[in-house]
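The file model.pdb comes next; it holds PDB, C-alpha atoms.
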```pdb
ATOM      1  CA  MET A   1     -46.110 -34.399  36.988
ATOM      2  CA  ASP A   2     -45.992 -38.049  36.045
ATOM      3  CA  GLU A   3     -48.252 -39.970  33.659
ATOM      4  CA  VAL A   4     -50.835 -40.756  36.371
ATOM      5  CA  ASP A   5     -51.102 -37.072  37.398
ATOM      6  CA  ARG A   6     -51.431 -36.163  33.719
ATOM      7  CA  LYS A   7     -54.311 -38.632  33.246
ATOM      8  CA  ILE A   8     -56.086 -37.392  36.387
ATOM      9  CA  ILE A   9     -55.720 -33.731  35.423
ATOM     10  CA  SER A  10     -56.701 -34.339  31.795
ATOM     11  CA  GLN A  11     -59.877 -36.174  32.799
ATOM     12  CA  LEU A  12     -60.853 -33.483  35.295
ATOM     13  CA  GLN A  13     -60.334 -30.832  32.619
ATOM     14  CA  VAL A  14     -62.726 -32.728  30.347
ATOM     15  CA  ASP A  15     -65.267 -33.305  33.145
ATOM     16  CA  ALA A  16     -64.576 -32.014  36.666
ATOM     17  CA  ARG A  17     -67.443 -34.147  37.988
ATOM     18  CA  THR A  18     -65.746 -37.427  37.068
ATOM     19  CA  THR A  19     -65.932 -39.775  40.069
ATOM     20  CA  LEU A  20     -62.888 -41.189  41.819
ATOM     21  CA  GLU A  21     -63.934 -44.645  40.625
ATOM     22  CA  GLU A  22     -64.048 -43.502  36.984
ATOM     23  CA  ILE A  23     -60.612 -41.872  37.284
ATOM     24  CA  ALA A  24     -59.323 -45.063  38.925
ATOM     25  CA  GLN A  25     -60.407 -47.036  35.845
ATOM     26  CA  ILE A  26     -58.635 -44.544  33.565
ATOM     27  CA  THR A  27     -55.392 -44.544  35.576
ATOM     28  CA  GLY A  28     -55.277 -48.154  36.764
ATOM     29  CA  PHE A  29     -55.049 -46.945  40.378
ATOM     30  CA  THR A  30     -57.540 -47.594  43.159
ATOM     31  CA  SER A  31     -60.022 -44.852  43.991
ATOM     32  CA  MET A  32     -58.117 -44.323  47.276
ATOM     33  CA  GLY A  33     -54.869 -43.935  45.305
ATOM     34  CA  VAL A  34     -56.534 -41.365  43.035
ATOM     35  CA  LYS A  35     -57.903 -39.525  46.079
ATOM     36  CA  LYS A  36     -54.406 -39.319  47.595
ATOM     37  CA  ARG A  37     -52.956 -38.065  44.298
ATOM     38  CA  LEU A  38     -55.666 -35.400  44.022
ATOM     39  CA  LYS A  39     -55.122 -34.281  47.601
ATOM     40  CA  LYS A  40     -51.379 -33.979  47.004
ATOM     41  CA  LEU A  41     -51.893 -31.988  43.766
ATOM     42  CA  VAL A  42     -54.225 -29.561  45.569
ATOM     43  CA  GLU A  43     -51.924 -29.199  48.592
ATOM     44  CA  GLN A  44     -48.951 -28.487  46.309
ATOM     45  CA  GLY A  45     -50.939 -25.743  44.580
ATOM     46  CA  ALA A  46     -50.670 -27.613  41.275
ATOM     47  CA  ILE A  47     -54.444 -27.730  40.688
ATOM     48  CA  LYS A  48     -57.543 -26.043  42.039
ATOM     49  CA  ASN A  49     -61.179 -27.038  41.812
ATOM     50  CA  GLN A  50     -63.235 -24.115  40.594
ATOM     51  CA  ALA A  51     -66.409 -23.283  38.697
ATOM     52  CA  LEU A  52     -65.728 -21.515  35.402
ATOM     53  CA  LEU A  53     -68.433 -19.534  33.620
ATOM     54  CA  ASN A  54     -69.301 -19.185  29.965
ATOM     55  CA  PRO A  55     -69.654 -15.389  29.454
ATOM     56  CA  SER A  56     -71.942 -15.744  26.440
ATOM     57  CA  ALA A  57     -74.376 -17.914  28.442
ATOM     58  CA  PHE A  58     -74.877 -14.921  30.738
ATOM     59  CA  GLY A  59     -74.787 -12.246  28.031
ATOM     60  CA  LEU A  60     -71.390 -10.948  29.178
ATOM     61  CA  ILE A  61     -68.905  -9.306  26.809
ATOM     62  CA  PRO A  62     -65.193  -9.962  27.414
ATOM     63  CA  ALA A  63     -62.458  -7.524  26.397
ATOM     64  CA  MET A  64     -58.674  -7.243  26.617
ATOM     65  CA  ILE A  65     -57.021  -4.086  27.908
ATOM     66  CA  LEU A  66     -53.342  -3.594  27.103
ATOM     67  CA  LEU A  67     -51.477  -1.076  29.242
ATOM     68  CA  GLU A  68     -47.990   0.340  29.043
ATOM     69  CA  MET A  69     -47.192   1.346  32.596
ATOM     70  CA  LYS A  70     -44.705   4.088  33.457
ATOM     71  CA  ASP A  71     -42.930   2.015  36.110
ATOM     72  CA  ALA A  72     -43.252  -0.898  38.530
ATOM     73  CA  GLU A  73     -44.821   1.294  41.207
ATOM     74  CA  ALA A  74     -47.614   2.453  38.877
ATOM     75  CA  MET A  75     -48.168  -1.169  37.851
ATOM     76  CA  GLN A  76     -48.491  -2.291  41.464
ATOM     77  CA  ASP A  77     -50.829   0.613  42.257
ATOM     78  CA  ILE A  78     -53.229  -0.342  39.467
ATOM     79  CA  MET A  79     -53.106  -4.014  40.443
ATOM     80  CA  ASN A  80     -53.931  -3.101  44.055
ATOM     81  CA  ARG A  81     -56.736  -0.764  42.964
ATOM     82  CA  PHE A  82     -58.480  -3.449  40.896
ATOM     83  CA  LYS A  83     -57.650  -6.628  42.868
ATOM     84  CA  ASP A  84     -61.239  -6.892  44.184
ATOM     85  CA  CYS A  85     -62.973  -5.750  40.997
ATOM     86  CA  PRO A  86     -65.352  -8.487  39.773
ATOM     87  CA  ARG A  87     -65.112  -7.161  36.196
ATOM     88  CA  VAL A  88     -61.394  -7.979  36.058
ATOM     89  CA  VAL A  89     -61.099 -11.678  35.244
ATOM     90  CA  HIS A  90     -57.295 -11.842  34.943
ATOM     91  CA  MET A  91     -54.305  -9.515  35.028
ATOM     92  CA  PHE A  92     -51.022 -10.475  33.426
ATOM     93  CA  LYS A  93     -47.633  -8.795  33.865
ATOM     94  CA  THR A  94     -45.731  -9.086  30.608
ATOM     95  CA  ILE A  95     -42.373  -8.177  29.150
ATOM     96  CA  GLY A  96     -42.612  -5.881  26.177
ATOM     97  CA  GLY A  97     -44.262  -2.654  25.051
ATOM     98  CA  TYR A  98     -47.500  -3.336  26.912
ATOM     99  CA  ASN A  99     -46.409  -4.606  30.294
ATOM    100  CA  LEU A 100     -49.819  -5.167  31.890
ATOM    101  CA  ILE A 101     -52.739  -6.931  30.222
ATOM    102  CA  ALA A 102     -56.200  -7.357  31.738
ATOM    103  CA  LEU A 103     -59.084  -9.558  30.695
ATOM    104  CA  VAL A 104     -62.343  -7.850  31.715
ATOM    105  CA  ILE A 105     -66.074  -8.458  31.279
ATOM    106  CA  ALA A 106     -69.137  -6.238  30.921
ATOM    107  CA  GLU A 107     -72.874  -6.901  30.941
ATOM    108  CA  ASN A 108     -73.650  -4.941  27.753
ATOM    109  CA  GLN A 109     -72.103  -2.655  25.147
ATOM    110  CA  ASP A 110     -72.848   0.559  27.069
ATOM    111  CA  THR A 111     -71.172  -0.784  30.206
ATOM    112  CA  LEU A 112     -68.250  -1.998  28.089
ATOM    113  CA  ASP A 113     -67.891   1.567  26.788
ATOM    114  CA  SER A 114     -67.959   2.837  30.391
ATOM    115  CA  ILE A 115     -65.245   0.500  31.611
ATOM    116  CA  SER A 116     -63.188   1.609  28.638
ATOM    117  CA  ILE A 117     -63.330   5.363  29.312
ATOM    118  CA  GLU A 118     -64.772   6.301  32.720
ATOM    119  CA  LYS A 119     -63.168   6.926  36.126
ATOM    120  CA  CYS A 120     -63.617   3.231  36.991
ATOM    121  CA  SER A 121     -61.606   2.156  33.943
ATOM    122  CA  LEU A 122     -58.173   0.595  34.262
ATOM    123  CA  ARG A 123     -57.208   3.010  31.484
ATOM    124  CA  SER A 124     -57.970   6.040  33.686
ATOM    125  CA  SER A 125     -55.374   5.173  36.333
ATOM    126  CA  PRO A 126     -52.257   7.308  36.860
ATOM    127  CA  GLY A 127     -48.961   6.049  35.485
ATOM    128  CA  ILE A 128     -50.245   4.767  32.140
ATOM    129  CA  ARG A 129     -48.219   5.801  29.089
ATOM    130  CA  ARG A 130     -50.561   4.288  26.513
ATOM    131  CA  SER A 131     -53.343   1.732  26.285
ATOM    132  CA  GLU A 132     -55.374  -0.343  23.850
ATOM    133  CA  PHE A 133     -58.881  -1.760  24.353
ATOM    134  CA  TYR A 134     -60.090  -4.795  22.399
ATOM    135  CA  PRO A 135     -63.557  -6.331  22.795
ATOM    136  CA  ILE A 136     -63.304 -10.092  22.189
ATOM    137  CA  SER A 137     -65.510 -11.427  19.410
ATOM    138  CA  ASP A 138     -64.926 -15.177  19.887
ATOM    139  CA  ASN A 139     -63.301 -17.474  22.422
ATOM    140  CA  ASP A 140     -62.356 -20.495  20.350
ATOM    141  CA  PHE A 141     -60.556 -23.032  22.538
ATOM    142  CA  SER A 142     -62.536 -22.861  25.756
ATOM    143  CA  GLN A 143     -65.585 -20.690  26.208
ATOM    144  CA  PHE A 144     -65.220 -20.787  30.013
ATOM    145  CA  LEU A 145     -63.539 -18.077  32.100
ATOM    146  CA  GLN A 146     -62.709 -17.688  35.763
ATOM    147  CA  ILE A 147     -65.199 -14.880  36.337
ATOM    148  CA  ARG A 148     -64.970 -13.797  39.965
ATOM    149  CA  GLU A 149     -68.668 -13.963  40.859
ATOM    150  CA  TYR A 150     -67.795 -14.266  44.566
ATOM    151  CA  LEU A 151     -66.775 -10.588  44.536
ATOM    152  CA  THR A 152     -70.228  -9.358  43.464
ATOM    153  CA  HIS A 153     -73.142  -8.149  45.610
ATOM    154  CA  LYS A 154     -71.113  -6.958  48.571
ATOM    155  CA  GLY A 155     -73.502  -4.098  49.419
ATOM    156  CA  LYS A 156     -70.826  -1.388  49.345
ATOM    157  CA  ASP A 157     -71.444   2.314  48.714
ATOM    158  CA  LYS A 158     -68.267   2.717  46.657
ATOM    159  CA  ALA A 159     -66.614   0.368  44.222
ATOM    160  CA  PRO A 160     -63.331  -1.361  45.216
ATOM    161  CA  CYS A 161     -61.547   1.027  42.810
ATOM    162  CA  ASP A 162     -62.860   3.844  45.066
ATOM    163  CA  VAL A 163     -65.279   5.262  42.469
ATOM    164  CA  ASP A 164     -68.820   6.244  43.444
ATOM    165  CA  CYS A 165     -71.144   5.110  40.629
ATOM    166  CA  CYS A 166     -73.811   7.646  41.663
ATOM    167  CA  THR A 167     -71.557  10.554  40.650
ATOM    168  CA  CYS A 168     -70.936   9.112  37.169
ATOM    169  CA  THR A 169     -72.873  10.652  34.283
ATOM    170  CA  ARG A 170     -73.000   7.351  32.379
ATOM    171  CA  TYR A 171     -74.548   5.635  35.412
ATOM    172  CA  GLU A 172     -77.041   8.457  35.913
ATOM    173  CA  THR A 173     -78.117   8.283  32.241
ATOM    174  CA  LYS A 174     -78.395   4.455  32.435
ATOM    175  CA  LYS A 175     -75.492   3.897  30.030
ATOM    176  CA  CYS A 176     -73.728   1.834  32.695
ATOM    177  CA  VAL A 177     -75.124  -0.690  35.170
ATOM    178  CA  GLY A 178     -72.647   0.331  37.862
ATOM    179  CA  CYS A 179     -70.234  -1.721  39.906
ATOM    180  CA  PRO A 180     -71.342  -5.245  40.830
ATOM    181  CA  THR A 181     -69.989  -4.845  44.383
ATOM    182  CA  THR A 182     -72.216  -1.900  45.274
ATOM    183  CA  ILE A 183     -75.802  -1.355  46.410
ATOM    184  CA  HIS A 184     -76.305   0.764  43.281
ATOM    185  CA  TYR A 185     -75.685  -2.118  40.847
ATOM    186  CA  ARG A 186     -78.369  -2.673  38.167
ATOM    187  CA  GLY A 187     -76.800  -5.543  36.225
ATOM    188  CA  THR A 188     -76.949  -9.313  35.992
ATOM    189  CA  LEU A 189     -73.703 -10.487  37.602
TER
END
```
Write the structure described by the file as structure tokens, please.
Amino acid sequence: MDEVDRKIISQLQVDARTTLEEIAQITGFTSMGVKKRLKKLVEQGAIKNQALLNPSAFGLIPAMILLEMKDAEAMQDIMNRFKDCPRVVHMFKTIGGYNLIALVIAENQDTLDSISIEKCSLRSSPGIRRSEFYPISDNDFSQFLQIREYLTHKGKDKAPCDVDCCTCTRYETKKCVGCPTTIHYRGTL
């Protein structure tokens, strides 16, 4: 990354709708030169254009889940199980006591409780030695998250984690809105 790439990326992080002409003025390049730089950055996998969402604008509650996995196989199993879950915003493999960390979202406190303890919870998967669950009170540096809205409203009977919401007591008693990928979903995602 050279100084021109840095200026382009920095401006797009401030305002992703900045025109090529405006970036050209900032960098001293032509708009065609900026376009070529952007294309190269995207093709190299260095940047990606994407809409980020502000969870609080939609009434969503983020939380961190820290997991100590028994082994690499258990870690891969849980990552495969939740790879298409729209509630999981990010998963991070780490080195240390907790070796898998997930950033998740929920529509309300009751649903947050459900994704903390029910069959659809990351914490209920086999191969977990211990776990911690932390609702996030504030997001100070950037309020925007890469919430995977494109995974919602898929019209499935079962959730991607292979749980049937209709058999869950919390769903039946309206203490959970269900999985956003299913036909049974009652939430706002």
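Residue selection for this entry, given the PyMOL selection byres ((chain A and resi 156) around 9), comprises His153, Lys154, Gly155, Asp157, Lys158, Ala159, Pro160, Thr181, Thr182, Ile183 and His184 of chain A.
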Review point. Applied to this file, what does the PyMOL selection byres ((chain A and resi 24-37) around 12) return in terms of residues, put as a ChimeraX atom specification?
Key: /A:1-12,18-23,38-44,46-47
Review point. Expressed in Å to a single decimal, how great is the separation between atom CA of A:Gly45 and atom CA of A:His90?
Key: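 Atom CA of A:His90 lies at a distance of 18.1 Å from atom CA of A:Gly45.
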Study note, to complete from the structure: Across A:Met75, A:Ala16, A:Ala63, A:Leu52, the smallest distance to A:Asp138, with all atoms listed in the file counted, is shown by A:Ala63
Practice item. Return as a list in words the set of residues that the PyMOL selection byres ((chain A and resi 71) around 10) yields on the displayed structure. Key: Glu68, Met69, Lys70, Ala72, Glu73, Ala74, Met75, Gln76, Asn99, Gly127, Ile128 and Arg129 of chain A
Atoms kept (N, CA and C atoms) for stretch 111-136 of chain A, as an mmCIF file, in the first residue's frame:
```cif
data_model
loop_
_atom_site.group_PDB
_atom_site.id
_atom_site.type_symbol
_atom_site.label_atom_id
_atom_site.label_comp_id
_atom_site.auth_asym_id
_atom_site.auth_seq_id
_atom_site.Cartn_x
_atom_site.Cartn_y
_atom_site.Cartn_z
ATOM 1 N N THR A 111 -34.545 -12.665 22.882
ATOM 2 C CA THR A 111 -33.858 -13.432 21.847
ATOM 3 C C THR A 111 -32.375 -13.539 22.173
ATOM 4 N N LEU A 112 -31.802 -12.485 22.744
ATOM 5 C CA LEU A 112 -30.406 -12.539 23.183
ATOM 6 C C LEU A 112 -30.224 -13.645 24.223
ATOM 7 N N ASP A 113 -31.161 -13.734 25.168
ATOM 8 C CA ASP A 113 -31.118 -14.817 26.156
ATOM 9 C C ASP A 113 -31.181 -16.177 25.462
ATOM 10 N N SER A 114 -32.035 -16.300 24.448
ATOM 11 C CA SER A 114 -32.182 -17.570 23.728
ATOM 12 C C SER A 114 -30.899 -17.967 23.025
ATOM 13 N N ILE A 115 -30.265 -17.008 22.342
ATOM 14 C CA ILE A 115 -29.046 -17.375 21.621
ATOM 15 C C ILE A 115 -27.865 -17.562 22.569
ATOM 16 N N SER A 116 -28.095 -17.269 23.834
ATOM 17 C CA SER A 116 -27.073 -17.546 24.842
ATOM 18 C C SER A 116 -27.192 -18.961 25.407
ATOM 19 N N ILE A 117 -28.422 -19.505 25.465
ATOM 20 C CA ILE A 117 -28.620 -20.762 26.198
ATOM 21 C C ILE A 117 -29.306 -21.896 25.437
ATOM 22 N N GLU A 118 -29.991 -21.614 24.355
ATOM 23 C CA GLU A 118 -30.807 -22.639 23.695
ATOM 24 C C GLU A 118 -29.994 -23.539 22.755
ATOM 25 N N LYS A 119 -30.683 -24.466 22.119
ATOM 26 C CA LYS A 119 -30.069 -25.422 21.191
ATOM 27 C C LYS A 119 -29.401 -24.724 20.008
ATOM 28 N N CYS A 120 -29.888 -23.532 19.657
ATOM 29 C CA CYS A 120 -29.327 -22.792 18.519
ATOM 30 C C CYS A 120 -28.130 -21.936 18.924
ATOM 31 N N SER A 121 -27.737 -22.003 20.176
ATOM 32 C CA SER A 121 -26.622 -21.203 20.674
ATOM 33 C C SER A 121 -25.286 -21.811 20.297
ATOM 34 N N LEU A 122 -24.319 -20.952 19.992
ATOM 35 C CA LEU A 122 -22.954 -21.440 19.775
ATOM 36 C C LEU A 122 -22.470 -22.179 21.017
ATOM 37 N N ARG A 123 -22.926 -21.738 22.181
ATOM 38 C CA ARG A 123 -22.476 -22.316 23.447
ATOM 39 C C ARG A 123 -23.008 -23.728 23.684
ATOM 40 N N SER A 124 -24.004 -24.151 22.890
ATOM 41 C CA SER A 124 -24.579 -25.487 23.090
ATOM 42 C C SER A 124 -23.928 -26.553 22.214
ATOM 43 N N SER A 125 -22.943 -26.166 21.444
ATOM 44 C CA SER A 125 -22.286 -27.104 20.517
ATOM 45 C C SER A 125 -21.354 -28.059 21.259
ATOM 46 N N PRO A 126 -21.181 -29.265 20.727
ATOM 47 C CA PRO A 126 -20.233 -30.213 21.332
ATOM 48 C C PRO A 126 -18.793 -29.705 21.192
ATOM 49 N N GLY A 127 -17.950 -30.120 22.102
ATOM 50 C CA GLY A 127 -16.535 -29.795 22.029
ATOM 51 C C GLY A 127 -16.140 -28.490 22.699
ATOM 52 N N ILE A 128 -17.059 -27.904 23.467
ATOM 53 C CA ILE A 128 -16.757 -26.649 24.158
ATOM 54 C C ILE A 128 -16.380 -26.968 25.607
ATOM 55 N N ARG A 129 -15.212 -26.518 26.019
ATOM 56 C CA ARG A 129 -14.774 -26.711 27.407
ATOM 57 C C ARG A 129 -15.403 -25.680 28.328
ATOM 58 N N ARG A 130 -15.394 -24.434 27.906
ATOM 59 C CA ARG A 130 -16.011 -23.366 28.704
ATOM 60 C C ARG A 130 -16.354 -22.219 27.778
ATOM 61 N N SER A 131 -17.241 -21.332 28.260
ATOM 62 C CA SER A 131 -17.654 -20.202 27.433
ATOM 63 C C SER A 131 -18.022 -19.013 28.305
ATOM 64 N N GLU A 132 -17.995 -17.850 27.706
ATOM 65 C CA GLU A 132 -18.430 -16.604 28.335
ATOM 66 C C GLU A 132 -19.331 -15.891 27.337
ATOM 67 N N PHE A 133 -20.298 -15.134 27.841
ATOM 68 C CA PHE A 133 -21.253 -14.419 26.990
ATOM 69 C C PHE A 133 -21.347 -12.987 27.489
ATOM 70 N N TYR A 134 -21.029 -12.023 26.626
ATOM 71 C CA TYR A 134 -21.009 -10.620 27.028
ATOM 72 C C TYR A 134 -21.836 -9.753 26.085
ATOM 73 N N PRO A 135 -23.020 -9.304 26.514
ATOM 74 C CA PRO A 135 -23.737 -8.304 25.716
ATOM 75 C C PRO A 135 -22.893 -7.027 25.649
ATOM 76 N N ILE A 136 -22.899 -6.363 24.509
ATOM 77 C CA ILE A 136 -22.096 -5.159 24.303
ATOM 78 C C ILE A 136 -22.955 -3.942 24.606
#
```
